[in-house]
file structure21.cif (mmCIF, N, CA and C atoms)
data_entry
#
loop_
_atom_site.label_atom_id
_atom_site.label_comp_id
_atom_site.auth_asym_id
_atom_site.auth_seq_id
_atom_site.Cartn_x
_atom_site.Cartn_y
_atom_site.Cartn_z
N MET A 1 -14.55 29.79 -6.67
CA MET A 1 -15.84 29.40 -7.23
C MET A 1 -16.76 28.98 -6.08
N LEU A 2 -18.00 29.32 -6.17
CA LEU A 2 -18.98 28.98 -5.13
C LEU A 2 -19.38 27.52 -5.23
N ASP A 3 -19.82 26.99 -4.09
CA ASP A 3 -20.24 25.59 -4.04
C ASP A 3 -21.37 25.29 -5.02
N GLU A 4 -22.31 26.21 -5.14
CA GLU A 4 -23.44 26.00 -6.04
C GLU A 4 -22.98 25.87 -7.49
N GLU A 5 -21.96 26.63 -7.84
CA GLU A 5 -21.42 26.57 -9.20
C GLU A 5 -20.71 25.24 -9.44
N ILE A 6 -20.00 24.76 -8.43
CA ILE A 6 -19.32 23.46 -8.55
C ILE A 6 -20.35 22.35 -8.69
N ILE A 7 -21.41 22.41 -7.90
CA ILE A 7 -22.46 21.40 -7.98
C ILE A 7 -23.12 21.45 -9.36
N LYS A 8 -23.32 22.65 -9.87
CA LYS A 8 -23.90 22.80 -11.21
C LYS A 8 -23.01 22.13 -12.25
N LEU A 9 -21.69 22.29 -12.12
CA LEU A 9 -20.76 21.63 -13.04
C LEU A 9 -20.87 20.11 -12.93
N PHE A 10 -21.06 19.60 -11.72
CA PHE A 10 -21.25 18.16 -11.55
C PHE A 10 -22.52 17.69 -12.27
N PHE A 11 -23.58 18.46 -12.15
CA PHE A 11 -24.83 18.10 -12.82
C PHE A 11 -24.69 18.16 -14.34
N GLU A 12 -23.83 19.02 -14.82
CA GLU A 12 -23.56 19.10 -16.26
C GLU A 12 -22.57 18.03 -16.71
N ARG A 13 -22.04 17.27 -15.75
CA ARG A 13 -21.04 16.22 -15.99
C ARG A 13 -19.77 16.78 -16.61
N SER A 14 -19.40 17.95 -16.17
CA SER A 14 -18.19 18.60 -16.64
C SER A 14 -17.01 18.18 -15.77
N GLU A 15 -15.91 17.81 -16.40
CA GLU A 15 -14.72 17.44 -15.64
C GLU A 15 -14.12 18.63 -14.90
N GLU A 16 -14.51 19.80 -15.30
CA GLU A 16 -14.06 21.02 -14.62
C GLU A 16 -14.51 21.02 -13.16
N ALA A 17 -15.60 20.30 -12.86
CA ALA A 17 -16.10 20.22 -11.48
C ALA A 17 -15.06 19.60 -10.57
N LEU A 18 -14.42 18.53 -11.03
CA LEU A 18 -13.39 17.89 -10.20
C LEU A 18 -12.19 18.80 -10.01
N LYS A 19 -11.82 19.53 -11.05
CA LYS A 19 -10.69 20.46 -10.93
C LYS A 19 -11.00 21.56 -9.93
N GLU A 20 -12.22 22.09 -10.00
CA GLU A 20 -12.60 23.15 -9.07
C GLU A 20 -12.72 22.61 -7.64
N LEU A 21 -13.22 21.39 -7.51
CA LEU A 21 -13.32 20.77 -6.18
C LEU A 21 -11.93 20.58 -5.59
N GLU A 22 -10.99 20.12 -6.41
CA GLU A 22 -9.61 19.93 -5.97
C GLU A 22 -8.98 21.27 -5.58
N THR A 23 -9.22 22.29 -6.37
CA THR A 23 -8.66 23.62 -6.09
C THR A 23 -9.19 24.18 -4.77
N LYS A 24 -10.48 24.02 -4.57
CA LYS A 24 -11.10 24.64 -3.40
C LYS A 24 -10.91 23.84 -2.12
N TYR A 25 -11.06 22.51 -2.20
CA TYR A 25 -11.08 21.69 -0.99
C TYR A 25 -10.00 20.60 -0.97
N GLY A 26 -9.10 20.60 -1.92
CA GLY A 26 -8.10 19.54 -2.01
C GLY A 26 -7.21 19.42 -0.79
N LYS A 27 -6.77 20.54 -0.25
CA LYS A 27 -5.88 20.50 0.92
C LYS A 27 -6.60 19.95 2.15
N MET A 28 -7.86 20.33 2.33
CA MET A 28 -8.61 19.82 3.48
C MET A 28 -8.87 18.32 3.34
N CYS A 29 -9.13 17.90 2.12
CA CYS A 29 -9.36 16.46 1.88
C CYS A 29 -8.08 15.67 2.17
N MET A 30 -6.95 16.17 1.69
CA MET A 30 -5.68 15.48 1.94
C MET A 30 -5.35 15.46 3.42
N ARG A 31 -5.57 16.56 4.10
CA ARG A 31 -5.27 16.62 5.53
C ARG A 31 -6.14 15.63 6.31
N THR A 32 -7.41 15.57 5.96
CA THR A 32 -8.33 14.65 6.63
C THR A 32 -7.90 13.21 6.42
N SER A 33 -7.60 12.87 5.18
CA SER A 33 -7.20 11.50 4.86
C SER A 33 -5.85 11.15 5.49
N TYR A 34 -4.91 12.08 5.44
CA TYR A 34 -3.58 11.82 6.01
C TYR A 34 -3.65 11.65 7.53
N ASN A 35 -4.52 12.41 8.18
CA ASN A 35 -4.67 12.27 9.64
C ASN A 35 -5.21 10.90 10.01
N ILE A 36 -5.97 10.29 9.15
CA ILE A 36 -6.50 8.95 9.42
C ILE A 36 -5.46 7.89 9.08
N LEU A 37 -4.81 8.03 7.93
CA LEU A 37 -3.95 6.97 7.42
C LEU A 37 -2.48 7.10 7.85
N GLY A 38 -2.00 8.32 7.98
CA GLY A 38 -0.60 8.52 8.35
C GLY A 38 0.39 8.17 7.24
N ASN A 39 -0.09 8.04 6.03
CA ASN A 39 0.76 7.69 4.89
C ASN A 39 0.32 8.55 3.72
N TYR A 40 1.25 9.30 3.16
CA TYR A 40 0.90 10.26 2.12
C TYR A 40 0.36 9.58 0.86
N SER A 41 0.98 8.51 0.42
CA SER A 41 0.52 7.86 -0.82
C SER A 41 -0.86 7.22 -0.65
N ASP A 42 -1.10 6.61 0.51
CA ASP A 42 -2.44 6.06 0.78
C ASP A 42 -3.48 7.17 0.87
N ALA A 43 -3.10 8.28 1.48
CA ALA A 43 -4.02 9.41 1.60
C ALA A 43 -4.35 9.98 0.22
N GLU A 44 -3.34 10.09 -0.62
CA GLU A 44 -3.56 10.61 -1.97
C GLU A 44 -4.49 9.69 -2.77
N GLU A 45 -4.27 8.41 -2.66
CA GLU A 45 -5.12 7.45 -3.36
C GLU A 45 -6.55 7.47 -2.81
N SER A 46 -6.69 7.62 -1.52
CA SER A 46 -8.02 7.68 -0.91
C SER A 46 -8.77 8.94 -1.35
N VAL A 47 -8.06 10.04 -1.45
CA VAL A 47 -8.70 11.28 -1.91
C VAL A 47 -9.15 11.13 -3.35
N ASN A 48 -8.33 10.52 -4.18
CA ASN A 48 -8.73 10.30 -5.57
C ASN A 48 -9.93 9.37 -5.66
N ASP A 49 -9.96 8.32 -4.85
CA ASP A 49 -11.12 7.44 -4.81
C ASP A 49 -12.36 8.19 -4.33
N SER A 50 -12.15 9.11 -3.41
CA SER A 50 -13.26 9.92 -2.91
C SER A 50 -13.83 10.82 -3.99
N TYR A 51 -12.95 11.39 -4.80
CA TYR A 51 -13.42 12.23 -5.90
C TYR A 51 -14.27 11.42 -6.88
N LEU A 52 -13.89 10.18 -7.11
CA LEU A 52 -14.69 9.32 -7.97
C LEU A 52 -16.05 9.06 -7.33
N SER A 53 -16.07 8.83 -6.04
CA SER A 53 -17.34 8.61 -5.33
C SER A 53 -18.21 9.86 -5.39
N VAL A 54 -17.61 11.03 -5.24
CA VAL A 54 -18.37 12.28 -5.34
C VAL A 54 -18.92 12.43 -6.76
N TRP A 55 -18.10 12.13 -7.75
CA TRP A 55 -18.53 12.21 -9.15
C TRP A 55 -19.75 11.31 -9.40
N ASN A 56 -19.74 10.11 -8.83
CA ASN A 56 -20.84 9.18 -9.02
C ASN A 56 -22.07 9.52 -8.18
N ALA A 57 -21.88 10.23 -7.08
CA ALA A 57 -22.98 10.46 -6.15
C ALA A 57 -23.73 11.77 -6.38
N ILE A 58 -23.06 12.77 -6.88
CA ILE A 58 -23.69 14.09 -6.89
C ILE A 58 -24.84 14.22 -7.91
N PRO A 59 -24.82 13.71 -9.10
CA PRO A 59 -25.97 13.98 -9.97
C PRO A 59 -27.34 13.68 -9.36
N PRO A 60 -27.56 12.60 -8.66
CA PRO A 60 -28.88 12.50 -8.05
C PRO A 60 -28.99 13.31 -6.75
N VAL A 61 -27.89 13.53 -6.08
CA VAL A 61 -27.90 14.21 -4.78
C VAL A 61 -27.40 15.64 -4.98
N ARG A 62 -28.02 16.57 -4.30
CA ARG A 62 -27.57 17.97 -4.32
C ARG A 62 -27.20 18.35 -2.88
N PRO A 63 -25.91 18.14 -2.50
CA PRO A 63 -25.52 18.40 -1.11
C PRO A 63 -25.58 19.90 -0.79
N ALA A 64 -26.16 20.20 0.36
CA ALA A 64 -26.29 21.60 0.76
C ALA A 64 -24.93 22.16 1.20
N PRO A 65 -24.26 21.61 2.20
CA PRO A 65 -22.88 22.04 2.44
C PRO A 65 -21.94 21.07 1.70
N LEU A 66 -21.39 21.51 0.60
CA LEU A 66 -20.55 20.65 -0.23
C LEU A 66 -19.33 20.15 0.53
N LEU A 67 -18.68 21.01 1.28
CA LEU A 67 -17.48 20.61 2.01
C LEU A 67 -17.76 19.46 2.97
N THR A 68 -18.82 19.56 3.72
CA THR A 68 -19.17 18.51 4.68
C THR A 68 -19.43 17.20 3.97
N TYR A 69 -20.14 17.26 2.87
CA TYR A 69 -20.47 16.06 2.09
C TYR A 69 -19.19 15.40 1.57
N VAL A 70 -18.30 16.20 1.01
CA VAL A 70 -17.05 15.66 0.44
C VAL A 70 -16.16 15.10 1.54
N LEU A 71 -16.03 15.81 2.65
CA LEU A 71 -15.17 15.33 3.73
C LEU A 71 -15.72 14.06 4.37
N LYS A 72 -17.02 13.90 4.40
CA LYS A 72 -17.60 12.66 4.92
C LYS A 72 -17.22 11.48 4.02
N ILE A 73 -17.26 11.70 2.72
CA ILE A 73 -16.86 10.64 1.79
C ILE A 73 -15.37 10.35 1.93
N VAL A 74 -14.55 11.39 2.05
CA VAL A 74 -13.10 11.20 2.23
C VAL A 74 -12.84 10.42 3.51
N ARG A 75 -13.53 10.78 4.58
CA ARG A 75 -13.35 10.07 5.86
C ARG A 75 -13.72 8.60 5.73
N ASN A 76 -14.85 8.30 5.10
CA ASN A 76 -15.28 6.91 4.97
C ASN A 76 -14.33 6.09 4.11
N VAL A 77 -13.90 6.67 2.99
CA VAL A 77 -12.95 5.96 2.12
C VAL A 77 -11.63 5.74 2.85
N SER A 78 -11.16 6.74 3.58
CA SER A 78 -9.90 6.62 4.32
C SER A 78 -10.01 5.59 5.44
N LEU A 79 -11.12 5.58 6.15
CA LEU A 79 -11.31 4.59 7.21
C LEU A 79 -11.36 3.17 6.64
N ASN A 80 -12.00 3.01 5.50
CA ASN A 80 -12.02 1.69 4.86
C ASN A 80 -10.62 1.24 4.49
N ARG A 81 -9.83 2.16 3.96
CA ARG A 81 -8.44 1.82 3.61
C ARG A 81 -7.63 1.53 4.87
N TYR A 82 -7.85 2.29 5.94
CA TYR A 82 -7.15 2.05 7.21
C TYR A 82 -7.46 0.65 7.73
N HIS A 83 -8.74 0.27 7.72
CA HIS A 83 -9.11 -1.06 8.21
C HIS A 83 -8.53 -2.15 7.30
N LYS A 84 -8.48 -1.89 6.02
CA LYS A 84 -7.88 -2.86 5.10
C LYS A 84 -6.38 -3.01 5.38
N ASN A 85 -5.72 -1.88 5.61
CA ASN A 85 -4.28 -1.92 5.90
C ASN A 85 -3.97 -2.58 7.23
N GLN A 86 -4.89 -2.47 8.18
CA GLN A 86 -4.65 -3.00 9.51
C GLN A 86 -5.25 -4.39 9.72
N ALA A 87 -5.75 -4.99 8.65
CA ALA A 87 -6.31 -6.33 8.79
C ALA A 87 -5.24 -7.27 9.34
N GLN A 88 -5.65 -8.23 10.13
CA GLN A 88 -4.70 -9.08 10.84
C GLN A 88 -3.77 -9.82 9.90
N LYS A 89 -4.24 -10.26 8.77
CA LYS A 89 -3.37 -11.00 7.86
C LYS A 89 -2.34 -10.10 7.20
N ARG A 90 -2.59 -8.78 7.18
CA ARG A 90 -1.63 -7.86 6.57
C ARG A 90 -0.77 -7.15 7.61
N ASN A 91 -1.14 -7.24 8.86
CA ASN A 91 -0.43 -6.55 9.91
C ASN A 91 0.60 -7.51 10.51
N SER A 92 1.86 -7.25 10.24
CA SER A 92 2.91 -8.16 10.68
C SER A 92 3.54 -7.76 12.01
N SER A 93 2.91 -6.88 12.76
CA SER A 93 3.51 -6.44 14.01
C SER A 93 3.52 -7.56 15.05
N TYR A 94 2.66 -8.56 14.89
CA TYR A 94 2.60 -9.66 15.85
C TYR A 94 3.50 -10.83 15.45
N ASP A 95 4.00 -10.84 14.23
CA ASP A 95 4.81 -11.96 13.77
C ASP A 95 6.06 -12.16 14.63
N LEU A 96 6.73 -11.09 14.98
CA LEU A 96 7.94 -11.18 15.79
C LEU A 96 7.62 -11.74 17.17
N ALA A 97 6.55 -11.29 17.78
CA ALA A 97 6.18 -11.78 19.10
C ALA A 97 5.85 -13.27 19.06
N PHE A 98 5.15 -13.72 18.04
CA PHE A 98 4.83 -15.14 17.91
C PHE A 98 6.08 -15.97 17.65
N ASP A 99 7.02 -15.43 16.88
CA ASP A 99 8.27 -16.15 16.63
C ASP A 99 9.06 -16.33 17.92
N GLU A 100 9.04 -15.33 18.78
CA GLU A 100 9.76 -15.42 20.05
C GLU A 100 9.11 -16.42 20.98
N LEU A 101 7.80 -16.55 20.90
CA LEU A 101 7.08 -17.47 21.78
C LEU A 101 6.95 -18.88 21.21
N ALA A 102 7.39 -19.10 20.00
CA ALA A 102 7.19 -20.38 19.33
C ALA A 102 7.81 -21.55 20.13
N ASP A 103 8.94 -21.34 20.77
CA ASP A 103 9.60 -22.41 21.52
C ASP A 103 8.81 -22.78 22.77
N PHE A 104 8.03 -21.86 23.28
CA PHE A 104 7.31 -22.11 24.52
C PHE A 104 5.87 -22.60 24.32
N LEU A 105 5.35 -22.43 23.14
CA LEU A 105 3.97 -22.82 22.87
C LEU A 105 3.92 -24.27 22.44
N THR A 106 2.94 -24.99 22.91
CA THR A 106 2.77 -26.38 22.49
C THR A 106 1.72 -26.43 21.40
N VAL A 107 1.93 -27.32 20.49
CA VAL A 107 1.00 -27.44 19.37
C VAL A 107 -0.06 -28.47 19.62
#
call {"tool": "encode", "arguments": {"input": "structure21.cif", "output": "C-alpha coordinates"}}
result
Amino acid sequence: MLDEEIIKLFFERSEEALKELETKYGKMCMRTSYNILGNYSDAEESVNDSYLSVWNAIPPVRPAPLLTYVLKIVRNVSLNRYHKNQAQKRNSSYDLAFDELADFLTV
(Lines of atoms letter the chains of each structure in order from A and count residues from 1; the text may use other names and numbers.)
(Lines give C-alpha, C1' and ligand atoms only; values in the text may rest on other atoms or scores of the structure.)
Protein backbone atom coordinates (compact mmCIF):
# COMPACT_ATOMS: atom_id res chain seq x y z
CA MET A 1 0.00 0.00 0.00
CA LEU A 2 1.27 3.49 -0.81
CA ASP A 3 2.05 6.02 1.89
CA GLU A 4 -0.67 8.36 0.65
CA GLU A 5 -3.25 5.61 1.05
CA ILE A 6 -2.07 4.87 4.59
CA ILE A 7 -2.27 8.56 5.48
CA LYS A 8 -5.77 8.67 3.99
CA LEU A 9 -6.76 5.78 6.27
CA PHE A 10 -5.40 7.73 9.25
CA PHE A 11 -7.51 10.73 8.26
CA GLU A 12 -10.54 8.46 8.04
CA ARG A 13 -9.63 7.17 11.55
CA SER A 14 -9.59 3.62 10.28
CA GLU A 15 -7.76 1.06 12.40
CA GLU A 16 -6.65 -0.50 9.14
CA ALA A 17 -4.10 2.34 8.95
CA LEU A 18 -2.16 0.94 11.91
CA LYS A 19 -2.24 -2.56 10.42
CA GLU A 20 -0.93 -1.28 7.10
CA LEU A 21 1.72 0.82 8.85
CA GLU A 22 2.84 -2.25 10.81
CA THR A 23 2.91 -4.37 7.66
CA LYS A 24 4.92 -1.87 5.66
CA TYR A 25 7.29 -0.36 8.23
CA GLY A 26 7.05 -2.60 11.30
CA LYS A 27 10.42 -4.28 10.85
CA MET A 28 12.25 -0.97 10.38
CA CYS A 29 10.55 0.47 13.45
CA MET A 30 11.51 -2.56 15.55
CA ARG A 31 15.09 -2.49 14.29
CA THR A 32 15.43 1.22 15.06
CA SER A 33 14.01 0.83 18.55
CA TYR A 34 16.01 -2.33 19.31
CA ASN A 35 19.26 -0.66 18.20
CA ILE A 36 18.64 2.08 20.76
CA LEU A 37 17.34 -0.05 23.63
CA GLY A 38 19.04 -3.42 23.17
CA ASN A 39 16.03 -5.17 24.70
CA TYR A 40 13.35 -6.79 22.57
CA SER A 41 10.43 -6.31 24.98
CA ASP A 42 11.28 -2.63 25.58
CA ALA A 43 11.65 -2.12 21.84
CA GLU A 44 8.29 -3.75 21.18
CA GLU A 45 6.60 -1.59 23.78
CA SER A 46 8.26 1.55 22.40
CA VAL A 47 7.09 0.74 18.89
CA ASN A 48 3.54 0.26 20.14
CA ASP A 49 3.72 3.58 21.99
CA SER A 50 5.02 5.14 18.80
CA TYR A 51 2.05 3.83 16.84
CA LEU A 52 -0.24 5.49 19.36
CA SER A 53 1.68 8.75 18.94
CA VAL A 54 1.39 8.47 15.15
CA TRP A 55 -2.35 7.78 15.51
CA ASN A 56 -2.76 10.93 17.61
CA ALA A 57 -0.51 13.11 15.46
CA ILE A 58 -1.44 12.38 11.87
CA PRO A 59 -4.98 13.80 11.52
CA PRO A 60 -3.81 17.40 11.80
CA VAL A 61 -0.42 16.66 10.21
CA ARG A 62 0.07 15.21 6.73
CA PRO A 63 3.67 13.92 6.69
CA ALA A 64 5.27 13.98 3.26
CA PRO A 65 7.72 11.10 3.79
CA LEU A 66 5.72 8.82 6.10
CA LEU A 67 8.64 6.54 6.92
CA THR A 68 10.84 9.39 8.10
CA TYR A 69 8.03 10.81 10.23
CA VAL A 70 7.28 7.45 11.86
CA LEU A 71 10.93 6.58 12.48
CA LYS A 72 11.52 9.97 14.10
CA ILE A 73 8.68 9.25 16.53
CA VAL A 74 10.03 5.73 17.17
CA ARG A 75 13.49 7.16 17.82
CA ASN A 76 12.20 9.78 20.26
CA VAL A 77 10.01 7.32 22.17
CA SER A 78 12.88 4.81 22.33
CA LEU A 79 15.36 7.43 23.53
CA ASN A 80 12.93 8.52 26.25
CA ARG A 81 12.60 4.91 27.38
CA TYR A 82 16.40 4.48 27.25
CA HIS A 83 16.92 7.54 29.47
CA LYS A 84 14.22 6.31 31.84
CA ASN A 85 15.87 2.88 32.04
CA GLN A 86 19.30 4.40 32.61
CA ALA A 87 18.22 6.87 35.28
CA GLN A 88 20.64 6.78 38.20
CA LYS A 89 18.09 5.53 40.71
CA ARG A 90 17.23 2.60 38.43
CA ASN A 91 20.76 1.82 37.28
CA SER A 92 22.33 -0.53 39.80
CA SER A 93 25.69 -0.89 38.07
CA TYR A 94 27.28 1.43 40.64
CA ASP A 95 25.83 -0.29 43.71
CA LEU A 96 28.54 -2.95 43.80
CA ALA A 97 31.33 -0.39 43.50
CA PHE A 98 29.88 1.70 46.34
CA ASP A 99 29.49 -1.40 48.52
CA GLU A 100 33.16 -2.24 47.99
CA LEU A 101 34.20 1.30 48.90
CA ALA A 102 31.89 1.61 51.91
CA ASP A 103 34.62 0.59 54.40
CA PHE A 104 36.97 3.26 53.10
CA LEU A 105 34.56 6.18 52.85
CA THR A 106 33.93 8.38 55.85
CA VAL A 107 30.48 9.64 56.56
call {"tool": "residues_near_point", "arguments": {"input": "structure21.cif", "point": "(-5.3, 15.0, 6.3)", "cutoff": "12 Å", "atoms": "only C-alpha atoms", "output": "list in words"}}
result
Tyr25, Gly26, Lys27, Met28, Cys29, Met30, Arg31, Thr32, Ser33, Tyr34, Asn35, Ile36, Leu37, Gly38, Asn39, Tyr40, Ser41, Asp42, Ala43, Glu44, Ser46, Val47, Leu71, Val74, Arg75 and Ser78 of chain A
call {"tool": "closest_residue", "arguments": {"input": "structure21.cif", "among": "A:Lys24, A:Phe11, A:Lys84, A:Glu16", "to": "Pro60 of chain A", "atoms": "only N, CA and C atoms"}}
result
A:Phe11
call {"tool": "atom_distance", "arguments": {"input": "structure21.cif", "atom1": "atom N of His83 of chain A", "atom2": "atom N of Glu20 of chain A"}}
result
28.3 Å
call {"tool": "atom_distance", "arguments": {"input": "structure21.cif", "atom1": "atom N of Glu45 of chain A", "atom2": "atom C of Lys19 of chain A"}}
result
16.5 Å
call {"tool": "select_by_dssp", "arguments": {"input": "structure21.cif", "residues": "segment 33-67 of chain A", "states": "alpha helix (DSSP H)", "output": "list in words"}}
result
Ser33, Tyr34, Asn35, Ile36, Leu37, Tyr40, Ser41, Asp42, Ala43, Glu44, Glu45, Ser46, Val47, Asn48, Asp49, Ser50, Tyr51, Leu52, Ser53, Val54, Trp55, Asn56, Ala57, Leu66 and Leu67 of chain A
call {"tool": "residues_around", "arguments": {"input": "structure21.cif", "residues": "Phe10 of chain A", "least_positions_apart": "6", "cutoff": "8 Å", "atoms": "only C-alpha atoms", "output": "number ranges by chain"}}
result
A: 17-18, 55, 58-59
call {"tool": "write_last_selection", "arguments": {"input": "structure21.cif", "atoms": "N, CA and C atoms", "output": "PDB file, in the frame of the given file"}}
result
ATOM      1  N   ALA A  17     -15.600  20.300 -12.860  1.00  0.00           N
ATOM      2  CA  ALA A  17     -16.100  20.220 -11.480  1.00  0.00           C
ATOM      3  C   ALA A  17     -15.060  19.600 -10.570  1.00  0.00           C
ATOM      4  N   LEU A  18     -14.420  18.530 -11.030  1.00  0.00           N
ATOM      5  CA  LEU A  18     -13.390  17.890 -10.200  1.00  0.00           C
ATOM      6  C   LEU A  18     -12.190  18.800 -10.010  1.00  0.00           C
ATOM      7  N   TRP A  55     -18.100  12.130  -7.750  1.00  0.00           N
ATOM      8  CA  TRP A  55     -18.530  12.210  -9.150  1.00  0.00           C
ATOM      9  C   TRP A  55     -19.750  11.310  -9.400  1.00  0.00           C
ATOM     10  N   ILE A  58     -23.060  12.770  -6.880  1.00  0.00           N
ATOM     11  CA  ILE A  58     -23.690  14.090  -6.890  1.00  0.00           C
ATOM     12  C   ILE A  58     -24.840  14.220  -7.910  1.00  0.00           C
ATOM     13  N   PRO A  59     -24.820  13.710  -9.100  1.00  0.00           N
ATOM     14  CA  PRO A  59     -25.970  13.980  -9.970  1.00  0.00           C
ATOM     15  C   PRO A  59     -27.340  13.680  -9.360  1.00  0.00           C
TER      16      PRO A  59
END
call {"tool": "atom_distance", "arguments": {"input": "structure21.cif", "atom1": "atom CA of Leu21 of chain A", "atom2": "atom C of Asn80 of chain A"}}
result
22.4 Å
